[in-house]
$ cat query37.txt   # compact mmCIF, C-alpha atoms
# COMPACT_ATOMS: atom_id res chain seq x y z
CA MET V 1 44.33 12.71 -39.84
CA MET V 2 42.61 12.81 -36.44
CA ALA V 3 42.68 9.73 -34.23
CA PRO V 4 39.24 8.20 -33.58
CA ARG V 5 37.68 9.10 -30.24
CA THR V 6 37.35 6.49 -27.54
CA LYS V 7 33.87 5.53 -26.31
CA ALA V 8 34.37 7.59 -23.14
CA GLU V 9 35.47 10.62 -25.16
CA SER V 10 32.48 10.28 -27.49
CA GLU V 11 30.09 10.10 -24.55
CA ALA V 12 31.69 13.18 -23.01
CA VAL V 13 31.23 15.12 -26.24
CA ASP V 14 27.62 13.94 -26.59
CA LEU V 15 26.90 14.95 -23.03
CA GLN V 16 28.49 18.37 -23.44
CA GLN V 17 26.37 18.97 -26.53
CA GLU V 18 23.20 18.26 -24.55
CA PHE V 19 23.96 20.08 -21.32
CA ASP V 20 26.71 21.15 -18.96
CA ALA V 21 27.82 17.90 -17.31
CA GLN V 22 29.00 19.42 -14.02
CA ALA V 23 25.85 21.50 -13.67
CA PHE V 24 23.71 18.40 -14.13
CA GLU V 25 25.80 16.51 -11.57
CA ASP V 26 25.16 19.35 -9.13
CA LEU V 27 21.44 19.17 -9.90
CA LEU V 28 21.40 15.41 -9.27
CA LEU V 29 23.21 15.88 -5.96
CA ASP V 30 20.74 18.56 -4.91
CA LEU V 31 17.78 16.33 -5.81
CA SER V 32 19.26 13.38 -3.94
CA ILE V 33 19.79 15.45 -0.81
CA ASN V 34 16.22 16.75 -0.97
CA PHE V 35 14.84 13.21 -0.97
CA ILE V 36 16.93 11.90 1.94
CA ASN V 37 14.62 11.22 4.91
CA LEU V 38 11.87 13.20 3.17
CA PRO V 39 8.53 12.89 5.04
CA SER V 40 6.11 10.71 3.09
CA ASP V 41 3.56 13.52 2.75
CA GLU V 42 6.18 15.62 0.92
CA VAL V 43 7.29 12.98 -1.60
CA ASP V 44 4.70 13.73 -4.29
CA ARG V 45 5.38 17.47 -4.32
CA GLN V 46 9.15 16.97 -4.48
CA VAL V 47 8.81 14.46 -7.34
CA GLU V 48 6.80 16.96 -9.36
CA LEU V 49 9.30 19.74 -8.65
CA ALA V 50 12.16 17.45 -9.66
CA GLN V 51 10.41 16.48 -12.91
CA SER V 52 10.08 20.15 -13.78
CA ARG V 53 13.72 20.95 -12.96
CA ILE V 54 15.08 17.98 -14.91
CA CYS V 55 12.95 18.58 -18.00
CA ASP V 56 13.75 22.29 -18.09
CA PHE V 57 17.45 21.55 -17.70
CA ILE V 58 17.73 18.99 -20.52
CA ASP V 59 15.00 20.54 -22.72
CA VAL V 60 12.49 17.68 -22.57
CA ASP V 61 8.79 18.38 -23.07
CA ILE V 62 7.05 15.76 -20.92
CA SER V 63 7.83 13.61 -17.90
CA ALA V 64 5.24 11.11 -16.70
CA LEU V 65 5.39 8.82 -13.71
CA TRP V 66 3.09 5.79 -13.58
CA GLN V 67 2.38 3.46 -10.69
CA TRP V 68 0.43 0.25 -10.48
CA ASN V 69 -0.59 -2.45 -8.09
CA THR V 70 2.08 -5.16 -8.27
CA GLU V 71 -0.72 -7.74 -8.14
CA ASP V 72 -2.16 -6.26 -11.35
CA PRO V 73 0.51 -4.37 -13.33
CA GLY V 74 -1.95 -3.93 -16.18
CA ASP V 75 -3.82 -1.28 -14.17
CA LEU V 76 -1.83 1.93 -14.56
CA THR V 77 -2.30 5.22 -12.74
CA MET V 78 -0.45 8.34 -13.81
CA THR V 79 0.45 9.92 -10.47
CA HIS V 80 2.89 12.64 -11.58
CA LEU V 81 2.92 14.58 -14.86
CA TYR V 82 5.03 17.47 -16.10
CA ARG V 83 3.58 18.78 -19.40
CA PRO V 84 3.80 22.60 -19.53
CA GLN V 85 2.70 22.79 -23.17
CA GLY V 86 -0.50 20.86 -22.52
CA GLY V 87 -2.04 18.37 -24.88
CA PRO V 88 -4.87 15.83 -25.14
CA PRO V 89 -6.47 14.93 -21.79
CA VAL V 90 -4.97 11.92 -20.06
CA PRO V 91 -7.34 9.32 -18.56
CA GLU V 92 -7.09 9.05 -14.79
CA ARG V 93 -6.53 5.32 -15.09
CA MET V 94 -5.26 3.35 -18.06
CA VAL V 95 -5.26 -0.34 -18.81
CA GLY V 96 -1.64 -0.86 -19.74
CA LYS V 97 -2.31 -3.84 -21.98
CA GLU V 98 -4.63 -1.68 -24.09
CA PHE V 99 -2.60 1.55 -24.25
CA PHE V 100 1.08 0.55 -23.99
CA PRO V 101 1.33 -3.28 -24.06
CA TRP V 102 4.85 -3.41 -25.51
CA CYS V 103 6.24 -0.78 -23.15
CA LEU V 104 4.48 -2.35 -20.17
CA GLU V 105 6.02 -5.75 -20.89
CA LEU V 106 9.50 -4.20 -20.90
CA MET V 107 8.88 -2.28 -17.67
CA VAL V 108 7.60 -5.35 -15.81
CA ALA V 109 10.73 -7.18 -16.99
CA GLY V 110 12.88 -4.38 -15.54
CA GLU V 111 14.24 -3.18 -18.89
CA THR V 112 14.94 0.40 -19.93
CA LEU V 113 13.11 1.57 -23.05
CA ILE V 114 14.98 3.93 -25.40
CA VAL V 115 13.02 5.25 -28.40
CA PRO V 116 14.87 7.97 -30.36
CA SER V 117 12.29 7.81 -33.16
CA LEU V 118 8.90 6.16 -33.54
CA GLU V 119 9.87 5.19 -37.08
CA ASN V 120 12.20 2.49 -35.75
CA LEU V 121 9.69 0.74 -33.50
CA PRO V 122 9.13 -2.99 -34.04
CA PRO V 123 5.76 -4.26 -35.34
CA GLU V 124 4.72 -5.43 -31.85
CA ALA V 125 4.85 -1.81 -30.67
CA ALA V 126 2.12 -0.65 -33.07
CA THR V 127 -0.43 0.02 -30.31
CA ASP V 128 2.11 1.93 -28.24
CA ARG V 129 3.09 3.97 -31.31
CA ASP V 130 -0.51 4.96 -32.00
CA HIS V 131 -1.02 6.23 -28.46
CA TRP V 132 2.33 8.03 -28.38
CA LEU V 133 1.30 9.85 -31.56
CA HIS V 134 -2.09 10.64 -30.02
CA PHE V 135 -0.37 12.44 -27.17
CA GLY V 136 2.09 14.14 -29.54
CA ILE V 137 5.11 12.15 -28.41
CA ILE V 138 7.77 11.46 -31.05
CA SER V 139 10.68 10.31 -28.86
CA SER V 140 10.68 8.55 -25.50
CA LEU V 141 12.89 7.23 -22.73
CA CYS V 142 11.33 5.08 -20.01
CA PHE V 143 12.72 3.49 -16.83
CA PRO V 144 11.14 0.85 -14.58
CA LEU V 145 10.76 1.79 -10.91
CA ALA V 146 11.82 -0.88 -8.44
CA VAL V 147 13.82 -1.15 -5.21
CA GLY V 148 16.06 -3.89 -3.85
CA GLY V 149 15.12 -6.63 -6.27
CA GLU V 150 11.40 -6.20 -5.57
CA PRO V 151 8.89 -6.33 -8.46
CA THR V 152 8.53 -3.26 -10.63
CA PHE V 153 5.85 -0.95 -9.21
CA GLY V 154 5.92 1.85 -11.73
CA ALA V 155 7.68 3.61 -14.58
CA LEU V 156 9.21 7.03 -15.22
CA SER V 157 9.30 8.43 -18.74
CA PHE V 158 10.86 11.44 -20.44
CA ASN V 159 9.36 12.40 -23.79
CA THR V 160 9.76 14.95 -26.56
CA THR V 161 7.05 16.45 -28.76
CA ARG V 162 8.92 19.16 -30.69
CA ALA V 163 11.90 17.20 -32.01
CA GLU V 164 13.25 13.68 -31.92
CA ARG V 165 15.90 13.02 -29.30
CA ASP V 166 18.97 10.82 -29.60
CA TRP V 167 19.24 9.63 -25.99
CA SER V 168 23.00 9.33 -25.42
CA ASP V 169 24.41 6.72 -23.05
CA ALA V 170 25.63 9.48 -20.72
CA LEU V 171 22.18 11.05 -20.49
CA VAL V 172 20.48 7.67 -19.99
CA ARG V 173 22.81 6.85 -17.10
CA ARG V 174 22.10 10.13 -15.34
CA LEU V 175 18.35 9.95 -15.83
CA ARG V 176 18.41 6.37 -14.55
CA MET V 177 19.85 7.82 -11.31
CA VAL V 178 16.88 10.20 -11.15
CA ALA V 179 14.51 7.24 -11.60
CA GLN V 180 16.22 5.40 -8.73
CA VAL V 181 15.94 8.42 -6.43
CA PHE V 182 12.22 8.61 -7.22
CA ALA V 183 11.80 4.84 -6.76
CA ASN V 184 13.42 4.90 -3.32
CA ALA V 185 11.29 7.82 -2.13
CA LEU V 186 8.04 6.36 -3.50
CA SER V 187 8.84 2.95 -2.04
CA ARG V 188 9.30 4.51 1.41
CA LYS V 189 6.01 6.33 0.98
CA ARG V 190 4.21 3.11 0.02
CA SER V 191 5.71 1.34 3.05
CA ASP V 192 4.68 4.19 5.36
CA SER V 193 1.14 4.08 3.97
CA ALA V 194 0.93 0.32 4.49
CA LEU V 195 2.26 0.69 8.03
CA ARG V 196 -0.27 3.40 8.88
CA GLU V 197 -3.10 1.27 7.50
CA SER V 198 -1.91 -1.69 9.58
CA GLU V 199 -1.62 0.47 12.70
CA GLU V 200 -5.12 1.85 12.17
CA LYS V 201 -6.53 -1.67 11.94
CA LEU V 202 -4.66 -2.71 15.08
CA SER V 203 -5.90 0.36 16.90
CA LEU V 204 -9.51 -0.40 15.97
CA ALA V 205 -9.14 -4.00 17.12
CA ALA V 206 -7.55 -2.93 20.40
CA ASP V 207 -10.28 -0.35 21.05
CA SER V 208 -12.93 -3.00 20.47
CA ALA V 209 -11.24 -5.24 23.04
CA GLY V 210 -10.72 -2.38 25.51
CA ALA V 211 -6.94 -2.92 25.41
CA GLY V 212 -4.03 -0.69 24.54
CA LEU V 213 -1.35 -1.55 21.99
CA TRP V 214 2.17 -0.17 21.80
CA SER V 215 5.32 -0.67 19.76
CA LEU V 216 8.79 0.50 20.79
CA ASP V 217 11.42 1.38 18.19
CA LEU V 218 14.63 0.42 20.00
CA ALA V 219 16.81 2.46 17.64
CA SER V 220 15.03 5.78 18.28
CA GLY V 221 13.50 5.01 21.67
CA ARG V 222 10.10 6.19 20.43
CA TYR V 223 6.76 4.46 20.93
CA TRP V 224 3.83 4.00 18.63
CA VAL V 225 0.76 3.75 20.86
CA THR V 226 -2.99 3.52 20.46
CA PRO V 227 -5.21 6.21 22.02
CA ARG V 228 -6.17 3.75 24.77
CA VAL V 229 -2.54 3.63 26.00
CA LEU V 230 -2.41 7.41 26.21
CA GLU V 231 -5.68 7.37 28.10
CA LEU V 232 -4.32 4.83 30.62
CA LEU V 233 -1.20 6.93 31.11
CA GLY V 234 -3.24 10.10 31.52
CA LEU V 235 -1.71 11.74 28.44
CA PRO V 236 -3.65 13.79 25.87
CA ASP V 237 -4.69 12.23 22.57
CA GLY V 238 -1.98 12.62 19.93
CA ASP V 239 0.80 13.08 22.48
CA SER V 240 4.19 11.50 21.76
CA LEU V 241 5.91 8.98 24.02
CA THR V 242 9.55 7.97 24.31
CA LEU V 243 11.17 5.24 26.39
CA ASP V 244 12.74 7.79 28.73
CA ARG V 245 9.43 9.55 29.23
CA PHE V 246 7.63 6.27 29.88
CA LEU V 247 10.21 5.12 32.44
CA ALA V 248 9.93 8.48 34.18
CA MET V 249 6.22 7.77 34.63
CA VAL V 250 6.83 4.33 36.17
CA HIS V 251 6.67 4.31 39.98
CA PRO V 252 10.22 4.65 41.39
CA ASP V 253 9.91 1.32 43.23
CA ASP V 254 9.09 -0.50 39.95
CA ARG V 255 11.34 1.39 37.53
CA GLU V 256 14.45 -0.79 37.74
CA SER V 257 12.39 -3.95 37.38
CA ILE V 258 10.82 -2.62 34.17
CA ARG V 259 14.25 -1.70 32.77
CA GLN V 260 15.48 -5.24 33.43
CA THR V 261 12.37 -6.77 31.87
CA ILE V 262 12.87 -4.75 28.66
CA GLN V 263 16.54 -5.74 28.49
CA GLU V 264 15.72 -9.43 29.03
CA VAL V 265 13.06 -9.40 26.30
CA VAL V 266 15.46 -7.75 23.84
CA SER V 267 18.36 -10.11 24.58
CA SER V 268 16.33 -13.32 24.71
CA ASN V 269 13.85 -12.64 21.87
CA GLU V 270 11.24 -14.24 24.11
CA GLU V 271 7.96 -12.84 25.33
CA GLY V 272 8.04 -10.89 28.57
CA GLN V 273 5.36 -9.59 30.87
CA ALA V 274 5.24 -7.35 33.93
CA GLU V 275 2.87 -5.75 36.37
CA TYR V 276 3.85 -2.31 37.62
CA ARG V 277 2.59 1.04 38.75
CA ILE V 278 2.65 4.28 36.81
CA VAL V 279 2.25 7.78 38.22
CA ARG V 280 -0.02 9.79 35.96
CA PRO V 281 0.53 13.54 35.40
CA ASP V 282 -2.43 14.24 37.73
CA GLY V 283 -0.65 12.35 40.53
CA ALA V 284 -2.92 9.30 40.41
CA VAL V 285 -1.22 5.90 40.71
CA ARG V 286 -2.49 3.10 38.45
CA TRP V 287 -1.49 -0.53 38.15
CA LEU V 288 -0.81 -1.77 34.63
CA ALA V 289 -0.05 -5.19 33.16
CA SER V 290 2.04 -5.29 29.97
CA ARG V 291 3.12 -8.11 27.71
CA GLY V 292 5.46 -7.85 24.73
CA ARG V 293 8.16 -9.40 22.58
CA THR V 294 10.72 -8.30 20.03
CA ASN V 295 9.77 -8.28 16.36
CA ALA V 296 11.26 -11.37 14.75
CA GLY V 297 11.76 -9.46 11.51
CA SER V 298 13.87 -6.70 13.04
$ encode --input "query37.txt" --output "structure tokens"
Amino acid sequence: MMAPRTKAESEAVDLQQEFDAQAFEDLLLDLSINFINLPSDEVDRQVELAQSRICDFIDVDISALWQWNTEDPGDLTMTHLYRPQGGPPVPERMVGKEFFPWCLELMVAGETLIVPSLENLPPEAATDRDHWLHFGIISSLCFPLAVGGEPTFGALSFNTTRAERDWSDALVRRLRMVAQVFANALSRKRSDSALRESEEKLSLAADSAGAGLWSLDLASGRYWVTPRVLELLGLPDGDSLTLDRFLAMVHPDDRESIRQTIQEVVSSNEEGQAEYRIVRPDGAVRWLASRGRTNAGS
């Protein structure tokens, strides 16, 4: 008589039946590396490529990624869809409470949804079941997307249309890692978009006042500047500026004073100001007055 398998042994067998475990680990590592420091304008394309690779590898028919405004999680937008076999058209925007109220409630609560078969759904999932059937889905696995304890901002699902799927614990764990990789990348993209919008508003306000605004990232030594600053420095629009390059433009007689002022502002966390001369690329000397402080949140 054979001894019963342990839970770990059972999971290993289940995983081996679904796919080669080591090959999937290699795929996850490759995906993770691709998303490290990925530029925000590349995130969407890489998410779609990753959806395709994952679904092809584990033989899943559909992967959908939804995002919503955290102020109104009932307003869903499908931003990424892998569905090579096609199917009924998907509305550009969906009211979650009308299409998938049960699933939405679980996602907002940060819970993973595992549906091997629609036959086992509870009565409160009747609306969700009807819409899953409409789109040909007979088995589903759905993860909430969130980062660092922040509210859920989306959901990632994997679905089958040809056969029901018994989502093993081993597979769920690995696909949850995929969801977290996506969540991190999309969160960075959302932050970058919010920062760019804020910078654009600041730039417009500064232009209206005839002033120039700048922000120095102490870690990288790079500046964010408005076009007015570049104009004052005699640099072309769109040019980049670093701390070393800026100091090189400061008049030699004022350079050490500016270095000390920056160091004092950083160490004291108090506002600093200075008047100094810069030597523009055309040789012209111009007096500037600057005022700044460290970001209290950094």
$ residues_near_point --input "query37.txt" --point "(4.7, -6.7, 40.2)" --cutoff "10 Å" --atoms "all atoms listed in the file" --output "VMD selection string"
chain V and resid 254 257 to 258 273 to 277 287 to 289
$ atom_distance --input "query37.txt" --atom1 "CA of Leu213 in chain V" --atom2 "CA of Leu186 in chain V"
28.3 Å
$ residues_around --input "query37.txt" --residues "Leu230 in chain V" --least-positions-apart "6" --cutoff "8 Å" --atoms "all atoms listed in the file" --output "list in words"
Pro236, Asp237 and Asp239 of chain V
$ write_last_selection --input "query37.txt" --atoms "C-alpha atoms" --output "PDB file, in the coordinates of the input"
ATOM      1  CA  PRO V 236      -3.650  13.790  25.870  1.00  0.00           C
ATOM      2  CA  ASP V 237      -4.690  12.230  22.570  1.00  0.00           C
ATOM      3  CA  ASP V 239       0.800  13.080  22.480  1.00  0.00           C
TER       4      ASP V 239
END
$ closest_residue --input "query37.txt" --among "V:Pro88, V:Leu76, V:Leu156, V:Thr127" --to "Val47 in chain V" --atoms "all atoms listed in the file"
V:Leu156
$ closest_residue --input "query37.txt" --among "V:Asp282, V:Gly221, V:Leu49, V:Ser215" --to "Leu235 in chain V" --atoms "only C-alpha atoms"
V:Asp282
$ atom_distance --input "query37.txt" --atom1 "CA of Arg93 in chain V" --atom2 "CA of Trp68 in chain V"
9.8 Å
$ atom_distance --input "query37.txt" --atom1 "CA of Leu141 in chain V" --atom2 "CA of Leu113 in chain V"
5.7 Å
$ residues_around --input "query37.txt" --residues "Arg259 in chain V" --least-positions-apart "4" --cutoff "10 Å" --atoms "only C-alpha atoms" --output "ChimeraX atom specification"
/V:243,247,254-255,263-264
$ closest_residue --input "query37.txt" --among "V:Ser140, V:Thr79, V:Ser117, V:Asn34" --to "Val60 in chain V" --atoms "all atoms listed in the file"
V:Ser140
$ residues_around --input "query37.txt" --residues "Ala155 in chain V" --least-positions-apart "2" --cutoff "8 Å" --atoms "only C-alpha atoms" --output "list in words"
Leu65, Trp66, Gln67, Met107, Cys142, Phe143, Pro144, Leu145, Thr152, Phe153 and Ser157 of chain V
$ closest_residue --input "query37.txt" --among "V:Val172, V:Ala50, V:Leu218, V:Ala64" --to "Val115 in chain V" --atoms "only C-alpha atoms"
V:Val172
$ residues_near_point --input "query37.txt" --point "(6.6, 21.9, -24.8)" --cutoff "8 Å" --atoms "only C-alpha atoms" --output "NGL selection string"
:V and (60-62 or 83-86 or 160-162)
$ build_atoms --input "query37.txt" --residues "range 238-249 of chain V" --atoms "all heavy atoms" --output "short mmCIF file (atom, residue, chain, number, x, y, z; two decimals), keeping the file's coordinate frame"
data_model
loop_
_atom_site.label_atom_id
_atom_site.label_comp_id
_atom_site.auth_asym_id
_atom_site.auth_seq_id
_atom_site.Cartn_x
_atom_site.Cartn_y
_atom_site.Cartn_z
N GLY V 238 -2.94 12.09 20.90
CA GLY V 238 -1.98 12.62 19.93
C GLY V 238 -0.63 12.94 20.52
O GLY V 238 0.30 13.34 19.81
N ASP V 239 -0.48 12.79 21.83
CA ASP V 239 0.80 13.08 22.48
C ASP V 239 1.84 12.05 22.05
O ASP V 239 1.50 10.93 21.64
CB ASP V 239 0.63 13.05 24.00
CG ASP V 239 1.70 13.86 24.71
OD1 ASP V 239 2.64 14.32 24.03
OD2 ASP V 239 1.59 14.04 25.95
N SER V 240 3.11 12.41 22.13
CA SER V 240 4.19 11.50 21.76
C SER V 240 4.79 10.88 23.03
O SER V 240 4.73 11.48 24.11
CB SER V 240 5.27 12.23 20.97
OG SER V 240 5.83 13.28 21.74
N LEU V 241 5.37 9.70 22.86
CA LEU V 241 5.91 8.98 24.02
C LEU V 241 7.25 8.36 23.63
O LEU V 241 7.38 7.73 22.59
CB LEU V 241 4.93 7.89 24.45
CG LEU V 241 5.27 7.13 25.75
CD1 LEU V 241 5.19 8.08 26.94
CD2 LEU V 241 4.31 5.96 25.95
N THR V 242 8.24 8.58 24.49
CA THR V 242 9.55 7.97 24.31
C THR V 242 9.81 7.02 25.48
O THR V 242 9.11 7.05 26.50
CB THR V 242 10.66 9.03 24.27
OG1 THR V 242 10.71 9.69 25.56
CG2 THR V 242 10.40 10.07 23.18
N LEU V 243 10.83 6.18 25.32
CA LEU V 243 11.17 5.24 26.39
C LEU V 243 11.54 5.98 27.66
O LEU V 243 11.12 5.60 28.76
CB LEU V 243 12.32 4.33 25.93
CG LEU V 243 12.82 3.31 26.96
CD1 LEU V 243 11.70 2.39 27.41
CD2 LEU V 243 13.99 2.52 26.40
N ASP V 244 12.34 7.02 27.54
CA ASP V 244 12.74 7.79 28.73
C ASP V 244 11.53 8.41 29.42
O ASP V 244 11.43 8.40 30.66
CB ASP V 244 13.74 8.89 28.34
CG ASP V 244 15.10 8.32 27.95
OD1 ASP V 244 15.38 7.16 28.33
OD2 ASP V 244 15.87 9.03 27.28
N ARG V 245 10.61 8.93 28.64
CA ARG V 245 9.43 9.55 29.23
C ARG V 245 8.56 8.50 29.91
O ARG V 245 8.01 8.73 31.00
CB ARG V 245 8.63 10.29 28.17
CG ARG V 245 7.46 11.09 28.74
CD ARG V 245 6.65 11.78 27.65
NE ARG V 245 5.59 12.59 28.22
CZ ARG V 245 4.61 13.14 27.51
NH1 ARG V 245 4.57 12.95 26.21
NH2 ARG V 245 3.67 13.86 28.10
N PHE V 246 8.43 7.33 29.28
CA PHE V 246 7.63 6.27 29.88
C PHE V 246 8.25 5.81 31.20
O PHE V 246 7.55 5.65 32.21
CB PHE V 246 7.54 5.08 28.91
CG PHE V 246 7.01 3.83 29.53
CD1 PHE V 246 5.67 3.72 29.88
CD2 PHE V 246 7.86 2.76 29.80
CE1 PHE V 246 5.18 2.56 30.48
CE2 PHE V 246 7.38 1.60 30.39
CZ PHE V 246 6.04 1.51 30.73
N LEU V 247 9.56 5.57 31.21
CA LEU V 247 10.21 5.12 32.44
C LEU V 247 10.09 6.15 33.55
O LEU V 247 9.98 5.79 34.73
CB LEU V 247 11.69 4.81 32.17
CG LEU V 247 11.98 3.57 31.32
CD1 LEU V 247 13.45 3.46 30.99
CD2 LEU V 247 11.49 2.31 32.03
N ALA V 248 10.08 7.43 33.17
CA ALA V 248 9.93 8.48 34.18
C ALA V 248 8.55 8.43 34.83
O ALA V 248 8.37 8.89 35.97
CB ALA V 248 10.18 9.84 33.56
N MET V 249 7.58 7.86 34.11
CA MET V 249 6.22 7.77 34.63
C MET V 249 6.01 6.52 35.50
O MET V 249 5.04 6.43 36.25
CB MET V 249 5.20 7.77 33.50
CG MET V 249 5.19 9.03 32.66
SD MET V 249 3.90 8.99 31.38
CE MET V 249 2.41 9.07 32.37
#
